[in-house]
>>> print(open('coords_6.cif').read())   # mmCIF, C-alpha atoms
data_query
#
loop_
_atom_site.label_atom_id
_atom_site.label_comp_id
_atom_site.auth_asym_id
_atom_site.auth_seq_id
_atom_site.Cartn_x
_atom_site.Cartn_y
_atom_site.Cartn_z
CA MET J 23 114.59 87.82 93.24
CA GLY J 24 113.89 90.87 91.11
CA CYS J 25 114.98 90.98 87.49
CA GLY J 26 115.53 94.68 87.00
CA ARG J 27 118.84 96.24 86.07
CA VAL J 28 120.57 95.04 89.22
CA GLY J 29 118.96 91.61 89.28
CA SER J 30 119.64 90.81 85.65
CA THR J 31 123.24 92.03 85.80
CA LEU J 32 123.79 90.01 88.95
CA ALA J 33 122.28 86.88 87.41
CA VAL J 34 124.40 87.12 84.27
CA ASP J 35 127.58 87.81 86.25
CA LEU J 36 126.94 84.92 88.61
CA GLU J 37 126.36 82.57 85.72
CA LYS J 38 129.56 83.75 84.06
CA ALA J 39 131.36 82.95 87.30
CA GLY J 40 130.14 79.37 87.01
CA HIS J 41 127.19 79.42 89.42
CA THR J 42 123.73 78.03 88.80
CA VAL J 43 121.15 80.80 88.93
CA ALA J 44 117.36 80.97 89.15
CA VAL J 45 115.66 84.34 88.77
CA ILE J 46 112.26 85.27 90.20
CA ASP J 47 110.22 88.24 89.02
CA GLN J 48 106.53 89.08 89.12
CA ASN J 49 106.68 90.28 85.55
CA ARG J 50 107.64 87.71 82.93
CA GLU J 51 108.65 90.49 80.53
CA ALA J 52 111.52 91.39 82.85
CA PHE J 53 113.37 88.19 81.97
CA ARG J 54 114.18 89.65 78.56
CA ARG J 55 116.87 91.71 80.29
CA LEU J 56 118.80 88.49 80.87
CA GLY J 57 119.62 88.16 77.21
CA ALA J 58 119.52 85.13 74.94
CA ASP J 59 122.65 83.53 76.39
CA PHE J 60 121.25 83.11 79.89
CA ASN J 61 120.78 79.43 80.75
CA GLY J 62 119.42 79.73 84.28
CA ARG J 63 115.85 79.17 85.31
CA THR J 64 113.27 81.96 85.30
CA ILE J 65 110.22 81.82 87.54
CA ALA J 66 107.34 84.26 87.32
CA GLY J 67 105.86 84.82 90.77
CA VAL J 68 105.96 86.67 94.06
CA GLY J 69 109.42 86.42 95.64
CA PHE J 70 108.28 85.72 99.20
CA ASP J 71 105.71 83.12 98.21
CA ARG J 72 106.67 79.64 99.41
CA ASP J 73 105.58 77.86 96.24
CA THR J 74 107.49 80.29 94.03
CA LEU J 75 110.62 79.92 96.13
CA LEU J 76 110.34 76.13 96.08
CA GLU J 77 109.95 76.22 92.32
CA ALA J 78 113.13 78.26 92.13
CA GLY J 79 114.92 75.55 94.09
CA ILE J 80 115.37 77.52 97.31
CA GLU J 81 115.88 74.31 99.29
CA LYS J 82 119.12 73.65 97.44
CA ALA J 83 120.21 77.29 97.22
CA ASP J 84 123.48 78.38 98.79
CA ALA J 85 122.65 82.05 98.51
CA PHE J 86 119.70 84.37 97.97
CA ALA J 87 119.70 87.99 96.81
CA ALA J 88 116.58 90.15 97.12
CA VAL J 89 117.03 93.03 94.68
CA SER J 90 113.51 93.96 93.55
CA ASN J 91 112.50 97.60 93.63
CA GLY J 92 110.39 97.22 96.77
CA ASP J 93 112.01 97.43 100.19
CA ASN J 94 109.16 95.49 101.78
CA SER J 95 109.25 92.69 99.22
CA ASN J 96 113.00 92.42 99.59
CA ILE J 97 112.99 92.14 103.34
CA LEU J 98 110.08 89.69 103.32
CA ALA J 99 111.77 87.44 100.78
CA ALA J 100 115.18 87.67 102.46
CA ARG J 101 113.78 86.73 105.86
CA VAL J 102 111.68 83.88 104.47
CA ALA J 103 114.72 82.51 102.61
CA ARG J 104 116.81 82.63 105.74
CA GLU J 105 114.37 81.76 108.53
CA ASN J 106 112.11 79.31 106.73
CA PHE J 107 114.42 77.71 104.20
CA GLY J 108 117.70 78.01 106.06
CA VAL J 109 119.64 79.80 103.31
CA LYS J 110 122.68 81.10 105.16
CA ASN J 111 123.95 83.59 102.63
CA VAL J 112 121.23 86.18 102.16
CA VAL J 113 121.40 89.81 101.14
CA ALA J 114 118.70 92.44 100.58
CA ARG J 115 118.87 95.72 98.72
CA ILE J 116 117.06 98.37 100.77
CA TYR J 117 116.46 101.98 99.71
CA ASP J 118 115.25 103.41 103.03
CA PRO J 119 118.39 104.09 105.11
CA GLY J 120 116.51 103.84 108.43
CA ARG J 121 115.16 100.41 107.68
CA ALA J 122 118.47 99.17 106.26
CA GLU J 123 120.08 99.84 109.61
CA ILE J 124 117.42 97.90 111.51
CA TYR J 125 117.48 94.91 109.20
CA GLN J 126 121.23 94.82 109.47
CA ARG J 127 120.74 94.62 113.22
CA LEU J 128 118.22 91.81 112.77
CA GLY J 129 120.92 89.88 110.97
CA ILE J 130 119.94 90.46 107.32
CA PRO J 131 122.89 91.90 105.41
CA THR J 132 121.61 94.89 103.50
CA VAL J 133 122.93 97.06 100.73
CA ALA J 134 121.70 100.59 101.40
CA THR J 135 121.58 101.94 97.86
CA VAL J 136 120.46 105.47 98.68
CA LEU J 137 123.22 106.19 101.19
CA TRP J 138 125.87 104.77 98.93
CA THR J 139 124.68 106.70 95.88
CA THR J 140 124.38 109.96 97.82
CA ASP J 141 127.88 109.49 99.16
CA GLN J 142 129.32 108.84 95.70
CA ILE J 143 127.64 111.92 94.28
CA MET J 144 128.69 114.07 97.23
CA ARG J 145 132.29 113.02 96.69
CA ARG J 146 132.17 114.21 93.11
CA LEU J 147 130.28 117.41 93.86
CA THR J 148 132.42 118.56 96.78
CA PRO J 149 135.91 117.22 96.18
CA ASP J 150 137.36 119.39 98.96
CA GLY J 151 135.15 117.95 101.64
CA THR J 152 135.90 114.85 103.61
CA LYS J 153 136.51 111.97 101.26
CA SER J 154 134.82 108.85 102.42
CA GLU J 155 136.86 106.03 100.91
CA TRP J 156 134.65 103.22 102.05
CA ARG J 157 131.44 102.81 103.94
CA ASP J 158 129.87 99.71 105.38
CA ALA J 159 126.65 98.42 103.88
CA THR J 160 124.43 100.21 106.40
CA GLY J 161 126.29 103.48 106.02
CA THR J 162 127.01 103.70 109.74
CA VAL J 163 130.79 103.41 109.68
CA VAL J 164 132.96 105.18 107.14
CA LEU J 165 136.63 105.27 106.31
CA VAL J 166 137.73 108.86 105.80
CA GLU J 167 140.97 110.63 105.00
CA VAL J 168 141.65 113.64 107.21
CA SER J 169 144.42 116.17 107.49
CA LEU J 170 145.88 117.24 110.82
CA HIS J 171 146.67 120.55 112.46
CA LYS J 172 150.44 120.96 112.72
CA SER J 173 150.38 120.62 116.48
CA TRP J 174 149.71 116.90 116.01
CA TYR J 175 153.05 116.33 114.28
CA GLY J 176 155.47 114.59 116.56
CA GLU J 177 152.74 113.04 118.67
CA ALA J 178 152.04 109.32 118.89
CA PHE J 179 149.26 108.29 116.51
CA SER J 180 147.42 106.76 119.44
CA LEU J 181 146.71 110.27 120.71
CA ILE J 182 144.14 110.57 117.90
CA GLU J 183 142.27 107.57 119.22
CA LYS J 184 142.60 108.87 122.75
CA ASN J 185 141.21 112.31 121.94
CA THR J 186 138.48 111.31 119.46
CA SER J 187 136.03 108.48 118.90
CA ALA J 188 137.86 107.44 115.72
CA ARG J 189 140.18 104.49 115.03
CA VAL J 190 143.25 104.95 112.91
CA ALA J 191 143.09 102.43 110.06
CA PHE J 192 146.30 103.39 108.29
CA ILE J 193 148.51 106.34 107.44
CA THR J 194 149.70 107.48 104.04
CA ARG J 195 153.26 108.79 104.35
CA LEU J 196 155.31 109.95 101.38
CA GLY J 197 152.95 108.17 99.03
CA GLU J 198 153.11 104.85 100.84
CA ALA J 199 150.54 103.32 103.13
CA LEU J 200 151.66 102.11 106.52
CA LEU J 201 149.91 100.37 109.36
CA PRO J 202 150.78 102.22 112.55
CA ASP J 203 152.12 100.37 115.55
CA GLU J 204 152.67 101.57 119.10
CA HIS J 205 155.87 103.42 118.13
CA THR J 206 154.42 105.30 115.19
CA VAL J 207 154.74 109.06 115.49
CA LEU J 208 152.78 111.45 113.29
CA GLN J 209 154.84 113.43 110.78
CA GLU J 210 154.25 116.48 108.67
CA GLY J 211 152.45 115.51 105.47
CA ASP J 212 150.86 112.40 106.91
CA LEU J 213 147.37 111.63 105.68
CA VAL J 214 145.47 109.78 108.34
CA HIS J 215 142.73 107.34 107.40
CA LEU J 216 140.18 106.94 110.13
CA LEU J 217 137.39 104.46 110.75
CA ILE J 218 134.60 106.39 112.28
CA GLU J 219 130.85 106.55 112.78
CA GLU J 220 129.48 108.72 110.02
CA LYS J 221 127.55 111.04 112.30
CA LYS J 222 130.71 111.85 114.23
CA VAL J 223 132.86 112.71 111.22
CA SER J 224 132.50 116.48 111.42
CA ALA J 225 133.13 116.58 115.17
CA VAL J 226 136.32 114.55 114.79
CA GLU J 227 137.48 116.59 111.81
CA LYS J 228 137.08 119.71 113.90
CA THR J 229 139.14 118.24 116.70
CA LEU J 230 141.95 117.23 114.37
CA ALA J 231 141.98 120.49 112.42
CA ALA J 232 142.58 122.42 115.64
CA ALA J 233 145.53 122.52 118.01
CA ILE J 234 145.64 119.59 120.40
CA GLU J 235 143.60 120.03 123.51
CA VAL J 236 145.19 118.49 126.54
CA ASN J 237 142.75 116.25 128.33
CA MET O 9 94.77 102.89 126.07
CA ARG O 10 96.63 104.34 123.07
CA VAL O 11 96.23 102.42 119.83
CA ALA O 12 98.01 103.05 116.53
CA ILE O 13 96.32 101.86 113.37
CA ALA O 14 98.31 101.58 110.15
CA GLY O 15 96.01 101.92 107.16
CA ALA O 16 93.05 104.30 107.20
CA GLY O 17 90.91 102.43 104.71
CA ASN O 18 87.47 101.11 105.49
CA VAL O 19 88.89 98.50 107.85
CA GLY O 20 91.23 100.87 109.72
CA ARG O 21 88.58 103.56 110.12
CA ALA O 22 85.95 101.09 111.30
CA ILE O 23 88.32 99.78 113.97
CA ALA O 24 89.17 103.36 114.96
CA ARG O 25 85.53 104.33 115.43
CA GLU O 26 84.87 101.22 117.49
CA LEU O 27 87.85 101.88 119.75
CA LEU O 28 87.06 105.57 120.17
CA GLY O 29 83.53 104.59 121.15
CA ASN O 30 85.03 102.49 123.90
CA GLY O 31 87.06 105.43 125.23
CA HIS O 32 90.48 104.65 123.76
CA GLN O 33 92.93 107.04 122.09
CA VAL O 34 93.45 106.26 118.43
CA LEU O 35 96.10 107.30 115.92
CA LEU O 36 95.40 106.56 112.25
CA ILE O 37 98.41 106.36 109.92
CA ASP O 38 98.19 106.30 106.14
CA LYS O 39 100.65 107.25 103.43
CA ASP O 40 97.99 108.24 100.90
CA PRO O 41 96.77 111.84 101.32
CA LYS O 42 93.45 110.79 99.77
CA ALA O 43 92.94 108.29 102.57
CA LEU O 44 93.00 111.00 105.21
CA LYS O 45 89.27 111.50 105.60
CA LEU O 46 89.53 113.46 108.80
CA ASP O 47 85.80 114.16 109.00
CA SER O 48 84.94 110.47 109.01
CA VAL O 49 86.72 109.87 112.32
CA PRO O 50 87.08 113.36 113.82
CA ASN O 51 88.17 112.25 117.27
CA ALA O 52 91.17 110.28 116.08
CA GLU O 53 94.68 111.65 115.59
CA TRP O 54 95.78 111.46 111.95
CA LEU O 55 99.24 111.05 110.52
CA LEU O 56 100.19 111.18 106.85
CA ALA O 57 103.15 108.78 106.78
CA ASP O 58 104.45 105.42 105.59
CA ALA O 59 104.05 102.96 108.45
CA CYS O 60 107.11 101.07 107.22
CA GLU O 61 109.49 103.96 107.76
CA ILE O 62 111.28 104.55 111.02
CA ALA O 63 110.93 108.33 110.77
CA SER O 64 107.14 107.95 110.53
CA LEU O 65 106.92 105.56 113.43
CA ASP O 66 109.07 107.86 115.57
CA GLN O 67 106.69 110.66 114.69
CA ALA O 68 103.77 108.45 115.66
CA LYS O 69 105.41 107.90 119.07
CA LEU O 70 104.81 104.21 118.66
CA ASP O 71 106.76 103.39 121.80
CA GLY O 72 103.90 104.94 123.78
CA CYS O 73 101.25 102.72 122.16
CA GLN O 74 99.88 99.63 123.87
CA VAL O 75 98.50 98.21 120.65
CA LEU O 76 99.46 98.41 116.99
CA VAL O 77 96.91 97.35 114.40
CA ALA O 78 98.40 96.73 110.95
CA ALA O 79 95.25 97.02 108.88
CA THR O 80 96.40 98.09 105.41
CA GLY O 81 95.36 96.29 102.26
CA ASP O 82 98.96 95.26 101.59
CA ASP O 83 100.27 92.19 103.43
CA LYS O 84 103.88 93.28 102.94
CA VAL O 85 103.21 96.57 104.70
CA ASN O 86 101.33 94.83 107.51
CA LEU O 87 104.19 92.41 108.13
CA VAL O 88 106.94 95.02 108.02
CA ALA O 89 104.99 97.45 110.23
CA SER O 90 104.35 94.62 112.73
CA LEU O 91 108.01 93.63 112.77
CA LEU O 92 109.17 97.20 113.32
CA GLY O 93 106.48 97.83 115.95
CA LYS O 94 107.52 94.79 117.93
CA THR O 95 111.29 94.84 117.59
CA GLU O 96 111.99 98.58 117.51
CA TYR O 97 109.22 100.00 119.69
CA GLY O 98 108.31 97.06 121.93
CA VAL O 99 104.57 97.44 121.32
CA PRO O 100 102.99 94.89 123.70
CA ARG O 101 100.18 93.80 121.40
CA VAL O 102 100.42 93.69 117.63
CA VAL O 103 97.35 92.80 115.60
CA ALA O 104 97.75 92.31 111.85
CA ARG O 105 95.29 91.93 109.01
CA VAL O 106 95.84 89.16 106.46
CA ASN O 107 94.62 90.14 103.00
CA HIS O 108 95.74 87.19 100.91
CA PRO O 109 95.16 83.73 102.44
CA LYS O 110 98.37 82.54 100.80
CA ASN O 111 100.37 84.83 103.06
CA GLU O 112 98.69 83.80 106.29
CA TRP O 113 101.47 81.44 107.37
CA MET O 114 103.83 84.40 107.74
CA PHE O 115 101.67 86.23 110.27
CA ASP O 116 103.22 84.90 113.46
CA SER O 117 105.67 85.87 116.16
CA SER O 118 108.63 85.75 113.77
CA TRP O 119 107.18 88.93 112.23
CA GLY O 120 106.13 90.39 115.58
CA VAL O 121 102.46 89.52 115.09
CA ASP O 122 100.55 88.52 118.24
CA VAL O 123 97.14 88.16 116.66
CA SER O 124 96.40 87.77 112.97
CA VAL O 125 92.99 88.39 111.52
CA SER O 126 92.32 86.87 108.14
CA THR O 127 89.21 88.20 106.42
CA PRO O 128 89.02 85.40 103.82
CA GLN O 129 89.35 82.82 106.55
CA ILE O 130 86.64 84.39 108.69
CA ILE O 131 84.31 84.57 105.74
CA SER O 132 84.90 80.95 104.82
CA ALA O 133 84.37 79.99 108.46
CA LEU O 134 81.08 81.88 108.50
CA VAL O 135 79.99 80.18 105.31
CA GLU O 136 80.91 76.86 106.84
CA GLU O 137 78.83 77.78 109.86
CA ALA O 138 75.87 78.73 107.71
CA VAL O 139 75.83 75.38 105.98
CA SER O 140 76.53 73.24 109.02
CA ILE O 141 74.39 74.53 111.88
CA GLY O 142 75.29 73.20 115.25
CA ASP O 143 78.95 72.42 114.58
CA VAL O 144 81.80 74.29 116.22
CA VAL O 145 83.49 76.53 113.68
CA ARG O 146 86.91 78.11 114.12
CA LEU O 147 86.69 81.86 113.43
CA PHE O 148 90.27 82.71 114.21
CA SER O 149 92.85 81.72 116.75
CA PHE O 150 94.92 83.77 119.17
CA ARG O 151 98.48 82.75 118.77
CA LYS O 152 100.41 81.85 121.84
CA VAL O 153 103.46 84.05 122.03
CA LYS O 154 106.43 83.37 124.21
CA GLN O 155 106.85 86.06 126.85
CA THR O 156 110.27 87.57 126.78
#
>>> encode(input="coords_6.cif", output="structure tokens")
Amino acid sequence: MGCGRVGSTLAVDLEKAGHTVAVIDQNREAFRRLGADFNGRTIAGVGFDRDTLLEAGIEKADAFAAVSNGDNSNILAARVARENFGVKNVVARIYDPGRAEIYQRLGIPTVATVLWTTDQIMRRLTPDGTKSEWRDATGTVVLVEVSLHKSWYGEAFSLIEKNTSARVAFITRLGEALLPDEHTVLQEGDLVHLLIEEKKVSAVEKTLAAAIEVN
Amino acid sequence: MRVAIAGAGNVGRAIARELLGNGHQVLLIDKDPKALKLDSVPNAEWLLADACEIASLDQAKLDGCQVLVAATGDDKVNLVASLLGKTEYGVPRVVARVNHPKNEWMFDSSWGVDVSVSTPQIISALVEEAVSIGDVVRLFSFRKVKQT
């Protein structure tokens, strides 16, 4: 649902991958974005309207993506597809970060465009800051690379988890990635990749950039 | 009783005046600055905000409201505001306005709506009543909601 830049690209890519696609948009003109080679069905109508969804073949659909430019339309359509038509694989694009988090909690996988875009731009603007290498769709948990104060060298990696709220995902040592086990000891030059709640990133960075505090 | 009303159009303001007259506290929320006609309901609290955004609803202290009335002219907004009011703020009673009869089927407990009020349906019921005097006519129904 939604045949803007995202919707049309998605539809064309899915078709190329061998799937059958139906596209819904309120504005018939939008279907021009699909190009002449698109063979899927196009339905002009409101994406959360039962009749429109039925016309698009929602009853036989394996997946539904709500990518219109309205957060409310997207969440309405995604929930109707899932709750009323039993489509198991549903995803909604949501701009408002606050709402994205809630819908995620309600069981609707969301793609929080604003958070993701901001993060990407921040990474290019401030290359010296914390590099977030990955973030989950709601933007709550991030994977970040952090450097350590020298007092951490020689300690077991598990001390990081003990002293902070972060989890160690992996360590880059001498250019190679390694998954730490219980015997892994931190060495000089190690880059530690942490899974962490975004709001706690700066607190954890501060802890790791300072000499170890004995708890 | 504290009541939050999303949508300060004619419908929202009329409800607000009625409730204020009965001694309740009323908060009117609208995202359009032009809709904030403070003089028309001077005793209400006013909030310029989008009732579908968490930040706005936090600001409205929705968790302290006994009733939420979703009375905007947009069914999508009414449904999303109802859902957020019920699931995020535990508002005991959520009343939502149906604008388009085609959307009426969605206004139930799965969207956090306790009572839906459909203007087109009420009007058609009143017309029905006018032409068939003496019959019982359904104006609207209170939905039974499972207590959790």
>>> resolve_selection(input="coords_6.cif", expression="the PyMOL selection byres ((chain O and resi 126) around 6)", output="PyMOL selection string")
chain O and resi 105-106+125+127-129
>>> resolve_selection(input="coords_6.cif", expression="the PyMOL selection byres ((chain O) within 10 of (chain J))", output="list of chain:residue names")
O:Cys60, O:Glu61, O:Ile62, O:Ala63, O:Asp83, O:Lys84, O:Val85, O:Asn86, O:Leu87, O:Val88, O:Ala89, O:Leu92, O:Thr95, O:Glu96, O:Lys110, O:Asn111, O:Trp113, O:Met114, O:Ser118, O:Trp119
>>> resolve_selection(input="coords_6.cif", expression="the PyMOL selection byres ((chain O and resi 19-26) around 10)", output="compact mmCIF listing (two decimals) with C-alpha atoms, keeping the file's coordinate frame")
# COMPACT_ATOMS: atom_id res chain seq x y z
CA VAL O 11 96.23 102.42 119.83
CA ALA O 12 98.01 103.05 116.53
CA ILE O 13 96.32 101.86 113.37
CA ALA O 14 98.31 101.58 110.15
CA GLY O 15 96.01 101.92 107.16
CA ALA O 16 93.05 104.30 107.20
CA GLY O 17 90.91 102.43 104.71
CA ASN O 18 87.47 101.11 105.49
CA LEU O 27 87.85 101.88 119.75
CA LEU O 28 87.06 105.57 120.17
CA GLY O 29 83.53 104.59 121.15
CA ASN O 30 85.03 102.49 123.90
CA GLY O 31 87.06 105.43 125.23
CA HIS O 32 90.48 104.65 123.76
CA GLN O 33 92.93 107.04 122.09
CA VAL O 34 93.45 106.26 118.43
CA LEU O 35 96.10 107.30 115.92
CA LEU O 36 95.40 106.56 112.25
CA ILE O 37 98.41 106.36 109.92
CA ASP O 38 98.19 106.30 106.14
CA ALA O 43 92.94 108.29 102.57
CA LEU O 44 93.00 111.00 105.21
CA LYS O 45 89.27 111.50 105.60
CA SER O 48 84.94 110.47 109.01
CA VAL O 49 86.72 109.87 112.32
CA PRO O 50 87.08 113.36 113.82
CA ASN O 51 88.17 112.25 117.27
CA ALA O 52 91.17 110.28 116.08
CA GLU O 53 94.68 111.65 115.59
CA VAL O 77 96.91 97.35 114.40
CA ALA O 78 98.40 96.73 110.95
CA ALA O 79 95.25 97.02 108.88
CA THR O 80 96.40 98.09 105.41
CA GLY O 81 95.36 96.29 102.26
CA ARG O 105 95.29 91.93 109.01
>>> atom_distance(input="coords_6.cif", atom1="atom CA of Leu75 of chain J", atom2="atom CA of Ala52 of chain J")
17.6 Å
>>> residues_around(input="coords_6.cif", residues="segment 215-231 of chain J", least_positions_apart="4", cutoff="10 Å", atoms="all atoms listed in the file", output="ChimeraX atom specification")
/J:152-157,161-174,182-183,185-194,199,235
>>> atom_distance(input="coords_6.cif", atom1="atom CA of Val75 of chain O", atom2="atom CA of Met9 of chain O")
8.1 Å
>>> decode(input="coords_6.cif", residues="segment 99-129 of chain O", atoms="N, CA and C atoms", output="mmCIF file, in the first residue's frame")
data_model
loop_
_atom_site.group_PDB
_atom_site.id
_atom_site.type_symbol
_atom_site.label_atom_id
_atom_site.label_comp_id
_atom_site.auth_asym_id
_atom_site.auth_seq_id
_atom_site.Cartn_x
_atom_site.Cartn_y
_atom_site.Cartn_z
ATOM 1 N N VAL O 99 -6.925 4.919 29.498
ATOM 2 C CA VAL O 99 -8.117 5.747 29.703
ATOM 3 C C VAL O 99 -9.332 4.816 29.827
ATOM 4 N N PRO O 100 -10.090 4.933 30.931
ATOM 5 C CA PRO O 100 -11.178 3.974 31.171
ATOM 6 C C PRO O 100 -12.264 3.996 30.107
ATOM 7 N N ARG O 101 -12.586 5.190 29.587
ATOM 8 C CA ARG O 101 -13.701 5.264 28.648
ATOM 9 C C ARG O 101 -13.260 6.042 27.407
ATOM 10 N N VAL O 102 -13.312 5.378 26.278
ATOM 11 C CA VAL O 102 -12.911 6.042 25.038
ATOM 12 C C VAL O 102 -14.116 6.118 24.099
ATOM 13 N N VAL O 103 -14.465 7.335 23.734
ATOM 14 C CA VAL O 103 -15.593 7.564 22.839
ATOM 15 C C VAL O 103 -15.040 8.094 21.521
ATOM 16 N N ALA O 104 -15.442 7.502 20.394
ATOM 17 C CA ALA O 104 -14.874 7.940 19.118
ATOM 18 C C ALA O 104 -15.972 8.256 18.112
ATOM 19 N N ARG O 105 -15.691 9.293 17.320
ATOM 20 C CA ARG O 105 -16.641 9.739 16.312
ATOM 21 C C ARG O 105 -16.329 9.077 14.977
ATOM 22 N N VAL O 106 -17.357 8.500 14.352
ATOM 23 C CA VAL O 106 -17.202 7.917 13.019
ATOM 24 C C VAL O 106 -17.633 8.960 12.001
ATOM 25 N N ASN O 107 -16.762 9.301 11.074
ATOM 26 C CA ASN O 107 -17.117 10.274 10.046
ATOM 27 C C ASN O 107 -17.674 9.606 8.796
ATOM 28 N N HIS O 108 -16.976 8.549 8.373
ATOM 29 C CA HIS O 108 -17.371 7.878 7.139
ATOM 30 C C HIS O 108 -17.997 6.527 7.502
ATOM 31 N N PRO O 109 -19.261 6.306 7.102
ATOM 32 C CA PRO O 109 -19.931 5.059 7.500
ATOM 33 C C PRO O 109 -19.154 3.808 7.094
ATOM 34 N N LYS O 110 -18.362 3.927 6.040
ATOM 35 C CA LYS O 110 -17.594 2.777 5.561
ATOM 36 C C LYS O 110 -16.541 2.319 6.578
ATOM 37 N N ASN O 111 -16.149 3.234 7.450
ATOM 38 C CA ASN O 111 -15.112 2.887 8.426
ATOM 39 C C ASN O 111 -15.684 2.396 9.750
ATOM 40 N N GLU O 112 -17.001 2.401 9.865
ATOM 41 C CA GLU O 112 -17.607 2.145 11.166
ATOM 42 C C GLU O 112 -17.207 0.806 11.779
ATOM 43 N N TRP O 113 -17.029 -0.198 10.932
ATOM 44 C CA TRP O 113 -16.707 -1.542 11.446
ATOM 45 C C TRP O 113 -15.408 -1.566 12.245
ATOM 46 N N MET O 114 -14.531 -0.583 12.001
ATOM 47 C CA MET O 114 -13.252 -0.597 12.720
ATOM 48 C C MET O 114 -13.357 -0.049 14.137
ATOM 49 N N PHE O 115 -14.406 0.707 14.409
ATOM 50 C CA PHE O 115 -14.529 1.382 15.703
ATOM 51 C C PHE O 115 -15.008 0.415 16.782
ATOM 52 N N ASP O 116 -14.106 -0.458 17.232
ATOM 53 C CA ASP O 116 -14.476 -1.368 18.307
ATOM 54 C C ASP O 116 -13.296 -1.549 19.252
ATOM 55 N N SER O 117 -13.396 -2.536 20.126
ATOM 56 C CA SER O 117 -12.381 -2.664 21.173
ATOM 57 C C SER O 117 -10.991 -2.954 20.611
ATOM 58 N N SER O 118 -10.903 -3.481 19.378
ATOM 59 C CA SER O 118 -9.569 -3.760 18.853
ATOM 60 C C SER O 118 -8.808 -2.459 18.586
ATOM 61 N N TRP O 119 -9.506 -1.350 18.513
ATOM 62 C CA TRP O 119 -8.848 -0.040 18.397
ATOM 63 C C TRP O 119 -9.007 0.774 19.672
ATOM 64 N N GLY O 120 -9.408 0.121 20.750
ATOM 65 C CA GLY O 120 -9.523 0.819 22.034
ATOM 66 C C GLY O 120 -10.792 1.642 22.179
ATOM 67 N N VAL O 121 -11.747 1.476 21.264
ATOM 68 C CA VAL O 121 -12.967 2.279 21.312
ATOM 69 C C VAL O 121 -14.024 1.572 22.165
ATOM 70 N N ASP O 122 -14.537 2.277 23.179
ATOM 71 C CA ASP O 122 -15.616 1.710 23.995
ATOM 72 C C ASP O 122 -16.977 2.053 23.397
ATOM 73 N N VAL O 123 -17.119 3.294 22.976
ATOM 74 C CA VAL O 123 -18.380 3.725 22.388
ATOM 75 C C VAL O 123 -18.091 4.448 21.082
ATOM 76 N N SER O 124 -18.757 4.047 20.005
ATOM 77 C CA SER O 124 -18.574 4.792 18.769
ATOM 78 C C SER O 124 -19.861 5.531 18.444
ATOM 79 N N VAL O 125 -19.694 6.744 17.955
ATOM 80 C CA VAL O 125 -20.849 7.551 17.593
ATOM 81 C C VAL O 125 -20.736 7.896 16.114
ATOM 82 N N SER O 126 -21.682 7.400 15.340
ATOM 83 C CA SER O 126 -21.625 7.606 13.905
ATOM 84 C C SER O 126 -22.701 8.597 13.497
ATOM 85 N N THR O 127 -22.266 9.789 13.098
ATOM 86 C CA THR O 127 -23.228 10.821 12.702
ATOM 87 C C THR O 127 -24.115 10.359 11.546
ATOM 88 N N PRO O 128 -23.544 9.818 10.460
ATOM 89 C CA PRO O 128 -24.412 9.394 9.351
ATOM 90 C C PRO O 128 -25.452 8.370 9.798
ATOM 91 N N GLN O 129 -25.020 7.483 10.691
ATOM 92 C CA GLN O 129 -25.954 6.449 11.132
ATOM 93 C C GLN O 129 -27.080 7.035 11.966
#
